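Q: Here it is, the structure, as structure tokens.
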Amino acid sequence: MTVKRIEMALHVQELCARNNITVSYQSLQDEVPQYYANPASRHINIRPTKNTGYYVSALHEIGHIVGKFQDRSLLTRELWAWVYARRNALVWNDTAERIMRQAMDSYGWTDKQKNRWGELFNVVG
């Protein structure tokens, strides 16, 4: 199934509206993406949803506000924000998986988190 860019962008907007999350968009001219979530103010900063990587990264930030276990350790918060993203994505493909793994690698995820991801989504570490 092919999901169009506009469908992904509308999905992000819909999830934010439904969950009372405000959004600011970083310019695509900026070389380094600056994604973040502020749960206290229910605000996320994302890139415009122009591809699958930007889409799943936006879902991940939403996950930091409405996802499970966001009051736990950093690795747990990061993993479960990605779990939210995957469970709510209109599409999850190799690009999405690569983006997630790169992000988790940057946080130094351990076999514990890798195994949990594998158990949840029946994927090999």
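Lettering and numbering for the structure tokens are positional, with chains as A, B, ... in the shown order, residues counted from 1 in each chain, and ligands counted from 1 in the shown order.
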Would you pick out the contacts of A:Ala103 at 12 Å or less, using only C-alpha atoms, so that residues sharing its chain but fewer than 2 positions from it are not included, and give the list as a compact mmCIF listing (two decimals) with all heavy atoms, in the first residue's frame?
A:
# COMPACT_ATOMS: atom_id res chain seq x y z
N TYR A 35 14.18 17.84 16.11
CA TYR A 35 12.92 17.32 16.60
C TYR A 35 12.94 17.32 18.11
O TYR A 35 13.94 16.94 18.72
CB TYR A 35 12.73 15.86 16.14
CG TYR A 35 12.42 15.71 14.68
CD1 TYR A 35 13.43 15.62 13.74
CD2 TYR A 35 11.10 15.65 14.25
CE1 TYR A 35 13.15 15.47 12.40
CE2 TYR A 35 10.80 15.51 12.90
CZ TYR A 35 11.83 15.43 11.99
OH TYR A 35 11.54 15.28 10.66
N GLY A 53 10.61 9.24 6.61
CA GLY A 53 11.48 9.49 7.75
C GLY A 53 11.00 10.64 8.61
O GLY A 53 10.96 10.55 9.84
N VAL A 56 7.64 9.46 10.45
CA VAL A 56 7.76 8.61 11.64
C VAL A 56 8.46 9.36 12.77
O VAL A 56 8.17 9.11 13.96
CB VAL A 56 8.42 7.25 11.35
CG1 VAL A 56 7.56 6.45 10.37
CG2 VAL A 56 9.85 7.38 10.88
N SER A 57 9.33 10.30 12.44
CA SER A 57 9.97 11.11 13.47
C SER A 57 8.94 12.01 14.15
O SER A 57 8.99 12.20 15.38
CB SER A 57 11.10 11.94 12.87
OG SER A 57 12.12 11.09 12.38
N HIS A 60 6.98 9.88 16.47
CA HIS A 60 7.80 9.62 17.64
C HIS A 60 7.67 10.76 18.65
O HIS A 60 7.51 10.52 19.86
CB HIS A 60 9.25 9.42 17.21
CG HIS A 60 10.23 9.38 18.33
ND1 HIS A 60 10.44 8.25 19.08
CD2 HIS A 60 11.05 10.34 18.83
CE1 HIS A 60 11.37 8.51 20.00
NE2 HIS A 60 11.75 9.77 19.87
N LEU A 75 16.12 5.70 27.97
CA LEU A 75 16.01 4.64 26.96
C LEU A 75 14.59 4.09 26.89
O LEU A 75 14.09 3.80 25.80
CB LEU A 75 17.00 3.51 27.25
CG LEU A 75 18.43 3.77 26.78
CD1 LEU A 75 19.35 2.66 27.26
CD2 LEU A 75 18.50 3.90 25.27
N GLU A 78 12.45 6.73 25.09
CA GLU A 78 12.73 6.74 23.65
C GLU A 78 12.14 5.52 22.96
O GLU A 78 11.49 5.63 21.91
CB GLU A 78 14.24 6.81 23.40
CG GLU A 78 14.85 8.16 23.72
CD GLU A 78 14.24 9.29 22.92
OE1 GLU A 78 13.98 9.11 21.71
OE2 GLU A 78 14.01 10.36 23.50
N LEU A 79 12.35 4.35 23.54
CA LEU A 79 11.81 3.13 22.93
C LEU A 79 10.29 3.21 22.81
O LEU A 79 9.74 2.93 21.74
CB LEU A 79 12.19 1.90 23.76
CG LEU A 79 11.63 0.58 23.21
CD1 LEU A 79 12.27 0.24 21.88
CD2 LEU A 79 11.83 -0.54 24.21
N ALA A 81 8.32 5.81 22.79
CA ALA A 81 7.86 6.81 21.82
C ALA A 81 7.92 6.22 20.41
O ALA A 81 7.05 6.46 19.58
CB ALA A 81 8.71 8.08 21.93
N TRP A 82 8.94 5.38 20.15
CA TRP A 82 9.01 4.68 18.86
C TRP A 82 7.93 3.61 18.76
O TRP A 82 7.37 3.39 17.67
CB TRP A 82 10.40 4.09 18.62
CG TRP A 82 11.38 5.13 18.20
CD1 TRP A 82 12.46 5.58 18.90
CD2 TRP A 82 11.34 5.90 16.99
NE1 TRP A 82 13.10 6.56 18.20
CE2 TRP A 82 12.44 6.79 17.02
CE3 TRP A 82 10.48 5.93 15.89
CZ2 TRP A 82 12.70 7.69 15.99
CZ3 TRP A 82 10.75 6.82 14.85
CH2 TRP A 82 11.84 7.68 14.91
N ALA A 96 11.45 3.62 7.71
CA ALA A 96 11.00 3.90 9.07
C ALA A 96 11.81 3.11 10.09
O ALA A 96 12.26 3.65 11.11
CB ALA A 96 9.51 3.58 9.21
N GLU A 97 12.03 1.85 9.79
CA GLU A 97 12.81 1.00 10.70
C GLU A 97 14.25 1.51 10.82
O GLU A 97 14.82 1.54 11.92
CB GLU A 97 12.79 -0.45 10.20
CG GLU A 97 13.34 -1.45 11.17
CD GLU A 97 12.44 -1.77 12.35
OE1 GLU A 97 11.24 -1.43 12.35
OE2 GLU A 97 12.97 -2.37 13.31
N ARG A 98 14.82 1.93 9.71
CA ARG A 98 16.20 2.45 9.73
C ARG A 98 16.28 3.74 10.55
O ARG A 98 17.20 3.90 11.37
CB ARG A 98 16.69 2.72 8.30
CG ARG A 98 18.10 3.27 8.22
CD ARG A 98 18.56 3.47 6.78
NE ARG A 98 17.60 4.12 5.92
CZ ARG A 98 17.38 5.44 5.89
NH1 ARG A 98 18.05 6.25 6.70
NH2 ARG A 98 16.50 5.96 5.06
N ILE A 99 15.33 4.63 10.39
CA ILE A 99 15.30 5.89 11.15
C ILE A 99 15.20 5.59 12.64
O ILE A 99 15.92 6.17 13.47
CB ILE A 99 14.12 6.78 10.70
CG1 ILE A 99 14.30 7.24 9.24
CG2 ILE A 99 13.92 7.97 11.64
CD1 ILE A 99 15.46 8.15 9.00
N MET A 100 14.30 4.68 13.01
CA MET A 100 14.14 4.30 14.41
C MET A 100 15.44 3.73 14.96
O MET A 100 15.90 4.12 16.04
CB MET A 100 13.01 3.29 14.55
CG MET A 100 12.74 2.81 15.98
SD MET A 100 13.85 1.56 16.66
CE MET A 100 13.58 0.18 15.58
N ARG A 101 16.05 2.82 14.23
CA ARG A 101 17.27 2.16 14.72
C ARG A 101 18.43 3.15 14.84
O ARG A 101 19.21 3.08 15.78
CB ARG A 101 17.63 0.98 13.83
CG ARG A 101 16.68 -0.19 14.04
CD ARG A 101 16.99 -1.40 13.17
NE ARG A 101 16.01 -2.44 13.43
CZ ARG A 101 16.06 -3.27 14.45
NH1 ARG A 101 17.04 -3.20 15.33
NH2 ARG A 101 15.11 -4.19 14.62
N ASP A 105 20.18 3.85 18.25
CA ASP A 105 21.63 3.67 18.32
C ASP A 105 22.29 4.91 18.94
O ASP A 105 23.24 4.79 19.73
CB ASP A 105 22.23 3.42 16.93
CG ASP A 105 21.97 2.01 16.40
OD1 ASP A 105 21.55 1.13 17.19
OD2 ASP A 105 22.18 1.81 15.19
N SER A 106 21.79 6.09 18.59
CA SER A 106 22.38 7.33 19.11
C SER A 106 22.20 7.45 20.62
O SER A 106 22.97 8.15 21.28
CB SER A 106 21.80 8.55 18.39
OG SER A 106 20.51 8.86 18.88
N TYR A 107 21.21 6.76 21.17
CA TYR A 107 20.99 6.74 22.62
C TYR A 107 21.65 5.54 23.28
O TYR A 107 21.57 5.39 24.50
CB TYR A 107 19.49 6.74 22.93
CG TYR A 107 18.85 8.09 22.72
CD1 TYR A 107 18.09 8.34 21.59
CD2 TYR A 107 19.01 9.10 23.66
CE1 TYR A 107 17.49 9.58 21.40
CE2 TYR A 107 18.42 10.34 23.47
CZ TYR A 107 17.67 10.57 22.34
OH TYR A 107 17.09 11.80 22.15
N GLY A 108 22.27 4.69 22.49
CA GLY A 108 22.96 3.54 23.05
C GLY A 108 22.04 2.46 23.58
O GLY A 108 22.28 1.90 24.65
N TRP A 109 21.01 2.16 22.77
CA TRP A 109 20.07 1.13 23.26
C TRP A 109 20.78 -0.19 23.45
O TRP A 109 21.77 -0.49 22.80
CB TRP A 109 18.83 1.05 22.42
CG TRP A 109 18.93 0.57 20.98
CD1 TRP A 109 19.99 0.65 20.14
CD2 TRP A 109 17.87 -0.02 20.24
NE1 TRP A 109 19.66 0.15 18.90
CE2 TRP A 109 18.36 -0.27 18.93
CE3 TRP A 109 16.56 -0.37 20.52
CZ2 TRP A 109 17.59 -0.85 17.93
CZ3 TRP A 109 15.79 -0.93 19.51
CH2 TRP A 109 16.30 -1.17 18.25
Q: Give the answer as one residue: which of A:Asn122, A:Asn88, A:Gln113, A:Gln102 has the shortest atom-to-atom distance to A:Ile62, using only C-alpha atoms?
A: A:Asn88
Q: Give me, as a PyMOL selection string, the residues of stretch 2-52 of chain A that a backbone DSSP run labels alpha helix (DSSP H).
A: chain A and resi 5-18+52
Q: Just how far from atom CA of A:Ala9 is atom CA of A:Leu59, in Å to one decimal?
A: 10.4 Å
Q: Have a look at atom CA of A:Leu74 and atom CA of A:Lys50 and let me know their distance in Å, one decimal.
A: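 According to the coordinates, atom CA of A:Leu74 and atom CA of A:Lys50 are separated by 27.9 Å.
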Q: Rank nothing, just name the residue among A:Lys68, A:His11, A:Arg42, A:Arg47 nearest to A:Ser27, using only C-alpha atoms.
A: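 Closest to A:Ser27 of all the choices is A:Arg47.
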Q: Between atom CA of A:Glu61 and atom CA of A:Ala85, what is the distance, to one decimal in Å?
A: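 If I compute the distance from atom CA of A:Glu61 to atom CA of A:Ala85, I get 8.3 Å.
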Q: Please list as an NGL selection string every residue within 12 Å of stretch 29-31 of chain A, counting only C-alpha atoms and excluding residues in the same chain fewer than 3 positions away.
A: :A and (25-26 or 34-35 or 46-48)
Q: Can those selected residues be exported to a file as an mmCIF file, in the first residue's frame so that it contains N, CA, C and O atoms?
A:
data_model
loop_
_atom_site.group_PDB
_atom_site.id
_atom_site.type_symbol
_atom_site.label_atom_id
_atom_site.label_comp_id
_atom_site.auth_asym_id
_atom_site.auth_seq_id
_atom_site.Cartn_x
_atom_site.Cartn_y
_atom_site.Cartn_z
ATOM 1 N N TYR A 25 7.120 24.042 13.113
ATOM 2 C CA TYR A 25 7.820 23.362 12.038
ATOM 3 C C TYR A 25 9.180 24.007 11.797
ATOM 4 O O TYR A 25 9.278 25.211 11.625
ATOM 5 N N GLN A 26 10.202 23.181 11.764
ATOM 6 C CA GLN A 26 11.539 23.641 11.452
ATOM 7 C C GLN A 26 11.666 23.796 9.941
ATOM 8 O O GLN A 26 11.157 22.970 9.171
ATOM 9 N N GLN A 34 15.876 19.318 14.037
ATOM 10 C CA GLN A 34 15.740 19.578 15.471
ATOM 11 C C GLN A 34 14.344 19.138 15.920
ATOM 12 O O GLN A 34 13.446 19.950 16.079
ATOM 13 N N TYR A 35 14.185 17.845 16.113
ATOM 14 C CA TYR A 35 12.917 17.316 16.600
ATOM 15 C C TYR A 35 12.939 17.319 18.115
ATOM 16 O O TYR A 35 13.942 16.938 18.723
ATOM 17 N N ILE A 46 8.893 19.779 14.756
ATOM 18 C CA ILE A 46 9.169 18.757 13.745
ATOM 19 C C ILE A 46 9.519 19.413 12.419
ATOM 20 O O ILE A 46 9.388 20.626 12.259
ATOM 21 N N ARG A 47 9.930 18.599 11.474
ATOM 22 C CA ARG A 47 10.108 19.050 10.090
ATOM 23 C C ARG A 47 8.774 18.856 9.365
ATOM 24 O O ARG A 47 7.994 17.974 9.729
ATOM 25 N N PRO A 48 8.523 19.632 8.324
ATOM 26 C CA PRO A 48 7.341 19.353 7.514
ATOM 27 C C PRO A 48 7.377 17.914 7.001
ATOM 28 O O PRO A 48 8.443 17.388 6.672
#
Q: I'd like to know which residues of chain A are strand (DSSP E) (by DSSP, run on the backbone); could you write them as a count of residues only?
A: 11
Q: Considering only C-alpha atoms, can you say which of A:Ile44, A:Val91, A:Leu28, A:Val124 comes closest to A:Thr2?
A: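 Of all the options, A:Val91 lies closest to A:Thr2.
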